[in-house]
file run28.pdb (PDB, C-alpha atoms, pLDDT in the B column)
ATOM      1  CA  MET A  21     -25.249  -8.341  45.267  1.00 46.00           C
ATOM      2  CA  ALA A  22     -26.528  -8.510  41.698  1.00 53.00           C
ATOM      3  CA  ARG A  23     -24.231 -10.293  39.299  1.00 70.00           C
ATOM      4  CA  VAL A  24     -22.694  -8.028  36.663  1.00 71.00           C
ATOM      5  CA  SER A  25     -23.427  -9.273  33.141  1.00 85.00           C
ATOM      6  CA  GLN A  26     -20.679 -10.061  30.638  1.00 87.00           C
ATOM      7  CA  ALA A  27     -22.166  -7.447  28.332  1.00 88.00           C
ATOM      8  CA  HIS A  28     -21.672  -4.819  31.039  1.00 85.00           C
ATOM      9  CA  LEU A  29     -18.076  -5.930  31.624  1.00 87.00           C
ATOM     10  CA  ASP A  30     -17.341  -5.834  27.896  1.00 90.00           C
ATOM     11  CA  ALA A  31     -18.889  -2.375  27.564  1.00 92.00           C
ATOM     12  CA  ARG A  32     -16.825  -1.042  30.472  1.00 93.00           C
ATOM     13  CA  ARG A  33     -13.635  -2.502  29.014  1.00 94.00           C
ATOM     14  CA  ARG A  34     -14.495  -0.894  25.666  1.00 94.00           C
ATOM     15  CA  GLN A  35     -15.049   2.432  27.403  1.00 96.00           C
ATOM     16  CA  ILE A  36     -11.594   2.273  28.985  1.00 96.00           C
ATOM     17  CA  LEU A  37      -9.808   1.240  25.789  1.00 96.00           C
ATOM     18  CA  ASP A  38     -11.523   3.971  23.772  1.00 96.00           C
ATOM     19  CA  GLY A  39     -10.666   6.614  26.355  1.00 96.00           C
ATOM     20  CA  ALA A  40      -7.041   5.497  26.481  1.00 96.00           C
ATOM     21  CA  SER A  41      -6.844   5.411  22.663  1.00 96.00           C
ATOM     22  CA  ILE A  42      -7.963   9.037  22.450  1.00 96.00           C
ATOM     23  CA  CYS A  43      -5.461  10.109  25.104  1.00 95.00           C
ATOM     24  CA  PHE A  44      -2.576   8.268  23.474  1.00 95.00           C
ATOM     25  CA  ALA A  45      -3.461   9.601  20.020  1.00 94.00           C
ATOM     26  CA  ARG A  46      -3.694  13.167  21.367  1.00 94.00           C
ATOM     27  CA  ASN A  47      -0.572  13.340  23.535  1.00 92.00           C
ATOM     28  CA  GLY A  48       1.476  10.196  22.972  1.00 91.00           C
ATOM     29  CA  PHE A  49       2.165   7.503  25.528  1.00 91.00           C
ATOM     30  CA  HIS A  50       4.743   9.229  27.704  1.00 89.00           C
ATOM     31  CA  ALA A  51       2.818  12.487  28.049  1.00 92.00           C
ATOM     32  CA  THR A  52      -0.371  10.626  28.995  1.00 94.00           C
ATOM     33  CA  SER A  53      -0.957   9.754  32.639  1.00 95.00           C
ATOM     34  CA  MET A  54      -3.432   7.281  34.058  1.00 95.00           C
ATOM     35  CA  GLN A  55      -5.285  10.297  35.451  1.00 95.00           C
ATOM     36  CA  ASP A  56      -5.747  11.497  31.877  1.00 96.00           C
ATOM     37  CA  VAL A  57      -7.225   8.122  30.970  1.00 96.00           C
ATOM     38  CA  LEU A  58      -9.560   8.165  33.981  1.00 95.00           C
ATOM     39  CA  LYS A  59     -10.805  11.622  33.029  1.00 96.00           C
ATOM     40  CA  GLU A  60     -11.308  10.736  29.336  1.00 96.00           C
ATOM     41  CA  ALA A  61     -13.117   7.500  30.162  1.00 95.00           C
ATOM     42  CA  ASP A  62     -15.085   9.241  32.944  1.00 95.00           C
ATOM     43  CA  LEU A  63     -14.399   6.394  35.374  1.00 93.00           C
ATOM     44  CA  SER A  64     -12.912   5.977  38.826  1.00 94.00           C
ATOM     45  CA  ALA A  65      -9.452   4.572  39.408  1.00 94.00           C
ATOM     46  CA  GLY A  66     -10.962   1.423  40.918  1.00 93.00           C
ATOM     47  CA  ALA A  67     -13.111   0.829  37.842  1.00 91.00           C
ATOM     48  CA  VAL A  68     -10.143   1.138  35.474  1.00 94.00           C
ATOM     49  CA  TYR A  69      -7.608  -0.804  37.539  1.00 94.00           C
ATOM     50  CA  ARG A  70     -10.054  -3.669  37.764  1.00 92.00           C
ATOM     51  CA  TYR A  71      -9.334  -4.274  34.074  1.00 94.00           C
ATOM     52  CA  PHE A  72      -5.831  -2.906  33.478  1.00 94.00           C
ATOM     53  CA  SER A  73      -2.822  -2.575  35.754  1.00 93.00           C
ATOM     54  CA  GLY A  74      -1.503   0.535  34.020  1.00 92.00           C
ATOM     55  CA  LYS A  75      -0.504   2.204  30.767  1.00 92.00           C
ATOM     56  CA  GLU A  76       1.676  -0.643  29.514  1.00 91.00           C
ATOM     57  CA  GLU A  77      -1.173  -3.131  29.746  1.00 94.00           C
ATOM     58  CA  LEU A  78      -3.541  -0.664  28.089  1.00 94.00           C
ATOM     59  CA  ILE A  79      -1.145  -0.125  25.188  1.00 93.00           C
ATOM     60  CA  GLY A  80      -0.708  -3.863  24.733  1.00 92.00           C
ATOM     61  CA  ALA A  81      -4.462  -4.445  24.736  1.00 94.00           C
ATOM     62  CA  ILE A  82      -5.098  -1.712  22.157  1.00 93.00           C
ATOM     63  CA  VAL A  83      -2.348  -2.955  19.840  1.00 92.00           C
ATOM     64  CA  GLY A  84      -3.417  -6.576  20.187  1.00 92.00           C
ATOM     65  CA  GLU A  85      -7.034  -5.743  19.420  1.00 91.00           C
ATOM     66  CA  VAL A  86      -6.233  -3.761  16.258  1.00 90.00           C
ATOM     67  CA  LEU A  87      -3.796  -6.338  14.918  1.00 91.00           C
ATOM     68  CA  GLY A  88      -6.362  -9.036  15.614  1.00 91.00           C
ATOM     69  CA  GLN A  89      -8.992  -7.177  13.588  1.00 89.00           C
ATOM     70  CA  VAL A  90      -6.633  -6.695  10.652  1.00 90.00           C
ATOM     71  CA  HIS A  91      -5.443 -10.298  10.775  1.00 92.00           C
ATOM     72  CA  GLU A  92      -8.969 -11.689  10.892  1.00 91.00           C
ATOM     73  CA  GLY A  93      -9.979  -9.566   7.907  1.00 88.00           C
ATOM     74  CA  PHE A  94      -7.193 -11.009   5.774  1.00 90.00           C
ATOM     75  CA  GLU A  95      -7.689 -14.523   7.171  1.00 91.00           C
ATOM     76  CA  GLU A  96     -11.293 -14.404   6.020  1.00 87.00           C
ATOM     77  CA  ALA A  97     -10.095 -13.583   2.521  1.00 82.00           C
ATOM     78  CA  ALA A  98      -7.456 -16.313   2.620  1.00 83.00           C
ATOM     79  CA  ARG A  99     -10.208 -18.894   3.040  1.00 85.00           C
ATOM     80  CA  SER A 100     -11.664 -17.923  -0.351  1.00 82.00           C
ATOM     81  CA  SER A 101     -10.470 -19.710  -3.479  1.00 81.00           C
ATOM     82  CA  PRO A 102      -9.127 -17.653  -5.093  1.00 82.00           C
ATOM     83  CA  PRO A 103      -9.116 -14.684  -2.688  1.00 88.00           C
ATOM     84  CA  PRO A 104     -10.492 -11.291  -3.770  1.00 92.00           C
ATOM     85  CA  SER A 105      -8.042  -9.225  -5.816  1.00 94.00           C
ATOM     86  CA  PRO A 106      -5.532  -7.149  -3.802  1.00 94.00           C
ATOM     87  CA  ASP A 107      -7.257  -3.833  -4.524  1.00 95.00           C
ATOM     88  CA  VAL A 108     -10.595  -5.108  -3.252  1.00 94.00           C
ATOM     89  CA  LEU A 109      -9.077  -6.981  -0.336  1.00 93.00           C
ATOM     90  CA  VAL A 110      -6.918  -4.215   1.130  1.00 94.00           C
ATOM     91  CA  ALA A 111      -9.576  -1.538   0.689  1.00 94.00           C
ATOM     92  CA  SER A 112     -12.288  -3.660   2.304  1.00 93.00           C
ATOM     93  CA  VAL A 113     -10.195  -4.620   5.347  1.00 93.00           C
ATOM     94  CA  LEU A 114      -8.983  -1.052   5.949  1.00 93.00           C
ATOM     95  CA  THR A 115     -12.502   0.297   5.505  1.00 94.00           C
ATOM     96  CA  ARG A 116     -13.762  -2.149   8.116  1.00 92.00           C
ATOM     97  CA  VAL A 117     -11.015  -1.307  10.620  1.00 91.00           C
ATOM     98  CA  LEU A 118     -11.380   2.467  10.150  1.00 93.00           C
ATOM     99  CA  ALA A 119     -15.170   2.235  10.469  1.00 93.00           C
ATOM    100  CA  ALA A 120     -14.832   0.370  13.766  1.00 90.00           C
ATOM    101  CA  LYS A 121     -12.791   3.297  15.141  1.00 91.00           C
ATOM    102  CA  GLU A 122     -14.562   6.217  13.473  1.00 92.00           C
ATOM    103  CA  SER A 123     -16.246   7.343  16.704  1.00 92.00           C
ATOM    104  CA  LEU A 124     -12.823   8.107  18.231  1.00 94.00           C
ATOM    105  CA  THR A 125     -11.725  11.619  17.324  1.00 94.00           C
ATOM    106  CA  VAL A 126      -9.102  14.152  18.399  1.00 93.00           C
ATOM    107  CA  ASP A 127      -9.753  17.792  17.512  1.00 90.00           C
ATOM    108  CA  GLY A 128     -12.441  16.682  15.089  1.00 90.00           C
ATOM    109  CA  ARG A 129     -10.147  14.282  13.189  1.00 92.00           C
ATOM    110  CA  PRO A 130     -10.007  10.472  13.400  1.00 93.00           C
ATOM    111  CA  ALA A 131      -7.828   9.356  16.289  1.00 94.00           C
ATOM    112  CA  PHE A 132      -6.989   5.893  14.998  1.00 94.00           C
ATOM    113  CA  PRO A 133      -4.369   6.790  12.341  1.00 94.00           C
ATOM    114  CA  ARG A 134      -2.595   9.063  14.829  1.00 94.00           C
ATOM    115  CA  LEU A 135      -2.677   6.275  17.385  1.00 94.00           C
ATOM    116  CA  VAL A 136      -1.060   3.886  14.897  1.00 94.00           C
ATOM    117  CA  VAL A 137       1.824   6.308  14.328  1.00 93.00           C
ATOM    118  CA  GLN A 138       2.231   6.734  18.084  1.00 92.00           C
ATOM    119  CA  VAL A 139       2.466   2.944  18.426  1.00 92.00           C
ATOM    120  CA  TRP A 140       5.156   2.723  15.757  1.00 93.00           C
ATOM    121  CA  THR A 141       7.143   5.445  17.519  1.00 91.00           C
ATOM    122  CA  GLU A 142       6.825   3.775  20.901  1.00 91.00           C
ATOM    123  CA  THR A 143       8.147   0.443  19.598  1.00 91.00           C
ATOM    124  CA  LEU A 144      11.525   2.112  19.021  1.00 91.00           C
ATOM    125  CA  ARG A 145      12.029   2.323  22.795  1.00 90.00           C
ATOM    126  CA  ASN A 146       9.655  -0.319  24.167  1.00 91.00           C
ATOM    127  CA  ASP A 147      10.950  -3.843  23.573  1.00 94.00           C
ATOM    128  CA  GLU A 148       7.803  -5.570  24.847  1.00 92.00           C
ATOM    129  CA  LEU A 149       5.547  -3.551  22.573  1.00 92.00           C
ATOM    130  CA  ALA A 150       7.967  -4.092  19.680  1.00 94.00           C
ATOM    131  CA  ALA A 151       7.778  -7.847  20.245  1.00 95.00           C
ATOM    132  CA  LEU A 152       3.978  -7.716  20.300  1.00 93.00           C
ATOM    133  CA  LEU A 153       3.944  -5.738  17.072  1.00 94.00           C
ATOM    134  CA  ARG A 154       6.405  -8.105  15.380  1.00 94.00           C
ATOM    135  CA  GLU A 155       4.250 -11.064  16.362  1.00 95.00           C
ATOM    136  CA  GLY A 156       1.072  -9.409  15.085  1.00 93.00           C
ATOM    137  CA  TYR A 157       2.595  -8.217  11.826  1.00 95.00           C
ATOM    138  CA  GLY A 158       4.231 -11.604  11.392  1.00 95.00           C
ATOM    139  CA  ALA A 159       0.805 -13.254  11.520  1.00 95.00           C
ATOM    140  CA  VAL A 160      -0.565 -10.789   8.949  1.00 95.00           C
ATOM    141  CA  ARG A 161       2.477 -11.333   6.723  1.00 95.00           C
ATOM    142  CA  GLU A 162       2.032 -15.106   6.884  1.00 96.00           C
ATOM    143  CA  THR A 163      -1.616 -14.748   5.878  1.00 95.00           C
ATOM    144  CA  TRP A 164      -0.700 -12.469   2.974  1.00 95.00           C
ATOM    145  CA  THR A 165       1.928 -14.995   1.885  1.00 96.00           C
ATOM    146  CA  ARG A 166      -0.769 -17.674   1.702  1.00 94.00           C
ATOM    147  CA  ILE A 167      -3.054 -15.304  -0.203  1.00 94.00           C
ATOM    148  CA  THR A 168      -0.261 -14.640  -2.706  1.00 95.00           C
ATOM    149  CA  ARG A 169       0.322 -18.362  -3.213  1.00 94.00           C
ATOM    150  CA  ALA A 170      -3.404 -18.752  -3.860  1.00 93.00           C
ATOM    151  CA  TYR A 171      -3.219 -16.042  -6.535  1.00 94.00           C
ATOM    152  CA  GLN A 172      -0.234 -17.781  -8.108  1.00 94.00           C
ATOM    153  CA  ASP A 173      -1.849 -21.225  -7.957  1.00 93.00           C
ATOM    154  CA  ALA A 174      -4.938 -19.802  -9.674  1.00 91.00           C
ATOM    155  CA  GLY A 175      -2.749 -18.328 -12.412  1.00 92.00           C
ATOM    156  CA  VAL A 176      -3.827 -14.735 -11.774  1.00 91.00           C
ATOM    157  CA  MET A 177      -0.452 -13.515 -10.460  1.00 93.00           C
ATOM    158  CA  ARG A 178       2.987 -14.001 -11.951  1.00 92.00           C
ATOM    159  CA  ALA A 179       4.809 -16.848 -10.260  1.00 94.00           C
ATOM    160  CA  ASP A 180       8.386 -15.557 -10.481  1.00 95.00           C
ATOM    161  CA  VAL A 181       8.089 -13.262  -7.438  1.00 95.00           C
ATOM    162  CA  PRO A 182       8.498 -14.767  -3.935  1.00 97.00           C
ATOM    163  CA  PRO A 183       5.137 -14.663  -2.095  1.00 97.00           C
ATOM    164  CA  GLU A 184       6.724 -13.103   1.003  1.00 97.00           C
ATOM    165  CA  HIS A 185       7.964 -10.174  -1.106  1.00 97.00           C
ATOM    166  CA  VAL A 186       4.395  -9.539  -2.235  1.00 96.00           C
ATOM    167  CA  ALA A 187       3.170  -9.888   1.361  1.00 96.00           C
ATOM    168  CA  ARG A 188       5.630  -7.284   2.646  1.00 96.00           C
ATOM    169  CA  THR A 189       4.699  -4.920  -0.186  1.00 96.00           C
ATOM    170  CA  MET A 190       0.974  -5.164   0.551  1.00 94.00           C
ATOM    171  CA  MET A 191       1.608  -4.564   4.254  1.00 94.00           C
ATOM    172  CA  ALA A 192       3.763  -1.547   3.398  1.00 95.00           C
ATOM    173  CA  THR A 193       0.948  -0.219   1.213  1.00 95.00           C
ATOM    174  CA  ALA A 194      -1.590  -0.471   4.034  1.00 94.00           C
ATOM    175  CA  MET A 195       0.816   1.002   6.602  1.00 95.00           C
ATOM    176  CA  GLY A 196       1.693   3.878   4.289  1.00 96.00           C
ATOM    177  CA  PHE A 197      -1.983   4.635   3.748  1.00 96.00           C
ATOM    178  CA  LEU A 198      -2.530   4.870   7.519  1.00 94.00           C
ATOM    179  CA  ALA A 199       0.498   7.154   7.835  1.00 95.00           C
ATOM    180  CA  GLN A 200      -0.992   9.450   5.177  1.00 95.00           C
ATOM    181  CA  GLN A 201      -4.254   9.494   7.128  1.00 94.00           C
ATOM    182  CA  ALA A 202      -2.387  10.648  10.230  1.00 94.00           C
ATOM    183  CA  LEU A 203      -0.370  13.303   8.381  1.00 94.00           C
ATOM    184  CA  PHE A 204      -2.864  14.678   5.880  1.00 94.00           C
ATOM    185  CA  GLY A 205      -6.323  13.819   7.198  1.00 92.00           C
ATOM    186  CA  PRO A 206      -8.983  11.201   6.483  1.00 92.00           C
ATOM    187  CA  THR A 207      -9.268   9.648   3.038  1.00 92.00           C
ATOM    188  CA  PRO A 208     -11.625   6.823   1.989  1.00 94.00           C
ATOM    189  CA  ALA A 209      -9.885   3.476   1.623  1.00 94.00           C
ATOM    190  CA  GLU A 210     -11.558   3.154  -1.785  1.00 95.00           C
ATOM    191  CA  ILE A 211      -8.925   5.599  -3.061  1.00 95.00           C
ATOM    192  CA  LEU A 212      -6.235   3.095  -2.109  1.00 95.00           C
ATOM    193  CA  GLY A 213      -8.202   0.395  -3.901  1.00 95.00           C
ATOM    194  CA  ASP A 214      -8.426   2.536  -7.033  1.00 96.00           C
ATOM    195  CA  GLY A 215      -4.694   3.183  -6.994  1.00 96.00           C
ATOM    196  CA  LEU A 216      -3.855  -0.487  -6.557  1.00 96.00           C
ATOM    197  CA  ARG A 217      -6.242  -1.403  -9.360  1.00 95.00           C
ATOM    198  CA  ALA A 218      -4.512   1.048 -11.699  1.00 96.00           C
ATOM    199  CA  LEU A 219      -1.062  -0.279 -10.783  1.00 93.00           C
ATOM    200  CA  MET A 220      -2.257  -3.851 -11.300  1.00 91.00           C
ATOM    201  CA  SER A 221      -3.299  -2.944 -14.845  1.00 91.00           C
ATOM    202  CA  VAL A 222       0.271  -2.145 -15.945  1.00 87.00           C
ATOM    203  CA  ARG A 223       1.745  -4.975 -18.012  1.00 79.00           C
ATOM    204  CA  ASP A 224       5.426  -5.475 -18.792  1.00 69.00           C
ATOM    205  CA  HIS A 225       5.000  -6.237 -22.488  1.00 61.00           C
ATOM    206  CA  ASP A 226       2.924  -3.077 -22.968  1.00 61.00           C
ATOM    207  CA  LEU A 227       5.759  -0.973 -21.500  1.00 56.00           C
ATOM    208  CA  VAL A 228       8.311  -2.682 -23.733  1.00 57.00           C
ATOM    209  CA  ASN A 229       6.252  -1.851 -26.811  1.00 60.00           C
ATOM    210  CA  LEU A 230       5.755   1.825 -25.961  1.00 57.00           C
ATOM    211  CA  PRO A 231       7.384   4.248 -28.419  1.00 63.00           C
ATOM    212  CA  GLU A 232      10.549   5.873 -27.102  1.00 63.00           C
ATOM    213  CA  THR A 233      10.269   9.507 -26.023  1.00 59.00           C
ATOM    214  CA  GLY A 234      13.011  12.021 -25.382  1.00 56.00           C
ATOM    215  CA  SER A 235      13.918  15.651 -25.516  1.00 52.00           C
ATOM    216  CA  ASN A 236      15.020  17.249 -28.740  1.00 51.00           C
TER     217      ASN A 236
END
call {"tool": "encode", "arguments": {"input": "run28.pdb", "output": "structure tokens"}}
result
Amino acid sequence: MARVSQAHLDARRRQILDGASICFARNGFHATSMQDVLKEADLSAGAVYRYFSGKEELIGAIVGEVLGQVHEGFEEAARSSPPPSPDVLVASVLTRVLAAKESLTVDGRPAFPRLVVQVWTETLRNDELAALLREGYGAVRETWTRITRAYQDAGVMRADVPPEHVARTMMATAMGFLAQQALFGPTPAEILGDGLRALMSVRDHDLVNLPETGSN
């Protein structure tokens, strides 16, 4: 029997994960059966169960892969000294992640943002998935904390704000952007970068010196 190449195994695993992602984004986890996944991936039960034991393992693999991509994107920036500015950094990482998933669509719209929202919903009743998400987000938060300290050490960010507070805010910004994608449709991540850049331009002393306005 001819030996199956690693490239073939990786491609088959990708096929399964992409099919499951579309199903989960379309119908949610509980309304999706393994038969739905088999049909979407166009594979036999034996081919799929060779890689994954069931829906729970599929969900975990999808979540772990996405969090790994996001974490690596920010880790790469953390190795720079100083890192790229927040507007550039967040927009570039989100652009990369969205581009990697752009081939996955549901009813002509990107499936990935919808899948993210489905994952968040499922963590409210799935303790194992919630633990996986906490671990993944914890790693991203730790990386963002180091990035913030690098900004502060370089003198480009005010030092009187705890780095973890900045890290949580940047994560909330990225998560909120993905939620908007799911609710309102696709939007280029450059828009998020533009908004962050504008917010970063506001300076306290300029606001203090603004003339007072009021109704007559």
call {"tool": "resolve_selection", "arguments": {"input": "run28.pdb", "expression": "the PyMOL selection byres ((chain A and resi 79) around 10)", "output": "PDB file with C-alpha atoms, in the coordinates of the input"}}
result
ATOM      1  CA  LEU A  37      -9.808   1.240  25.789  1.00 96.00           C
ATOM      2  CA  ALA A  40      -7.041   5.497  26.481  1.00 96.00           C
ATOM      3  CA  SER A  41      -6.844   5.411  22.663  1.00 96.00           C
ATOM      4  CA  PHE A  44      -2.576   8.268  23.474  1.00 95.00           C
ATOM      5  CA  PHE A  49       2.165   7.503  25.528  1.00 91.00           C
ATOM      6  CA  PHE A  72      -5.831  -2.906  33.478  1.00 94.00           C
ATOM      7  CA  GLY A  74      -1.503   0.535  34.020  1.00 92.00           C
ATOM      8  CA  LYS A  75      -0.504   2.204  30.767  1.00 92.00           C
ATOM      9  CA  GLU A  76       1.676  -0.643  29.514  1.00 91.00           C
ATOM     10  CA  GLU A  77      -1.173  -3.131  29.746  1.00 94.00           C
ATOM     11  CA  LEU A  78      -3.541  -0.664  28.089  1.00 94.00           C
ATOM     12  CA  GLY A  80      -0.708  -3.863  24.733  1.00 92.00           C
ATOM     13  CA  ALA A  81      -4.462  -4.445  24.736  1.00 94.00           C
ATOM     14  CA  ILE A  82      -5.098  -1.712  22.157  1.00 93.00           C
ATOM     15  CA  VAL A  83      -2.348  -2.955  19.840  1.00 92.00           C
ATOM     16  CA  GLY A  84      -3.417  -6.576  20.187  1.00 92.00           C
ATOM     17  CA  GLU A  85      -7.034  -5.743  19.420  1.00 91.00           C
ATOM     18  CA  VAL A 139       2.466   2.944  18.426  1.00 92.00           C
ATOM     19  CA  GLU A 142       6.825   3.775  20.901  1.00 91.00           C
ATOM     20  CA  LEU A 149       5.547  -3.551  22.573  1.00 92.00           C
TER      21      LEU A 149
END
call {"tool": "resolve_selection", "arguments": {"input": "run28.pdb", "expression": "the PyMOL selection byres ((chain A and resi 52-65) around 8)", "output": "list in words"}}
result
Gln35, Ile36, Asp38, Gly39, Ala40, Ile42, Cys43, Phe44, Asn47, Gly48, Phe49, His50, Ala51, Gly66, Ala67, Val68, Tyr69, Gly74 and Lys75 of chain A
call {"tool": "resolve_selection", "arguments": {"input": "run28.pdb", "expression": "the PyMOL selection byres ((chain A and resi 184) around 12)", "output": "list of chain:residue names"}}
result
A:Gly158, A:Val160, A:Arg161, A:Glu162, A:Thr163, A:Trp164, A:Thr165, A:Arg166, A:Ile167, A:Thr168, A:Arg169, A:Asp180, A:Val181, A:Pro182, A:Pro183, A:His185, A:Val186, A:Ala187, A:Arg188, A:Thr189, A:Met190, A:Met191
call {"tool": "closest_atom_pairs", "arguments": {"input": "run28.pdb", "of": "stretch 85-190 of chain A", "to": "stretch 220-223 of chain A", "cutoff": "12 Å", "atoms": "all atoms listed in the file", "output": "CSV"}}
result
residue,atom,partner,partner_atom,distance
A:Ser105,CA,A:Met220,CA,9.6
A:Pro106,CA,A:Met220,CA,8.8
A:Asp107,CA,A:Met220,CA,8.4
A:Val108,CA,A:Met220,CA,11.7
A:Val176,CA,A:Met220,CA,11.0
A:Met177,CA,A:Met220,CA,9.9
A:Arg178,CA,A:Arg223,CA,10.9
call {"tool": "atom_distance", "arguments": {"input": "run28.pdb", "atom1": "atom CA of A:Ala150", "atom2": "atom CA of A:Tyr71"}}
result
22.5 Å
call {"tool": "atom_distance", "arguments": {"input": "run28.pdb", "atom1": "atom CA of A:Phe94", "atom2": "atom CA of A:Ala111"}}
result
11.0 Å
call {"tool": "atom_distance", "arguments": {"input": "run28.pdb", "atom1": "atom CA of A:Leu109", "atom2": "atom CA of A:Ala202"}}
result
21.6 Å
call {"tool": "closest_residue", "arguments": {"input": "run28.pdb", "among": "A:Gly175, A:Gly215, A:Gly196, A:Pro133", "to": "A:Leu118", "atoms": "all atoms listed in the file"}}
result
A:Pro133
call {"tool": "closest_residue", "arguments": {"input": "run28.pdb", "among": "A:Val136, A:Ala192, A:Leu198, A:Ala209", "to": "A:Thr115", "atoms": "all atoms listed in the file"}}
result
A:Ala209
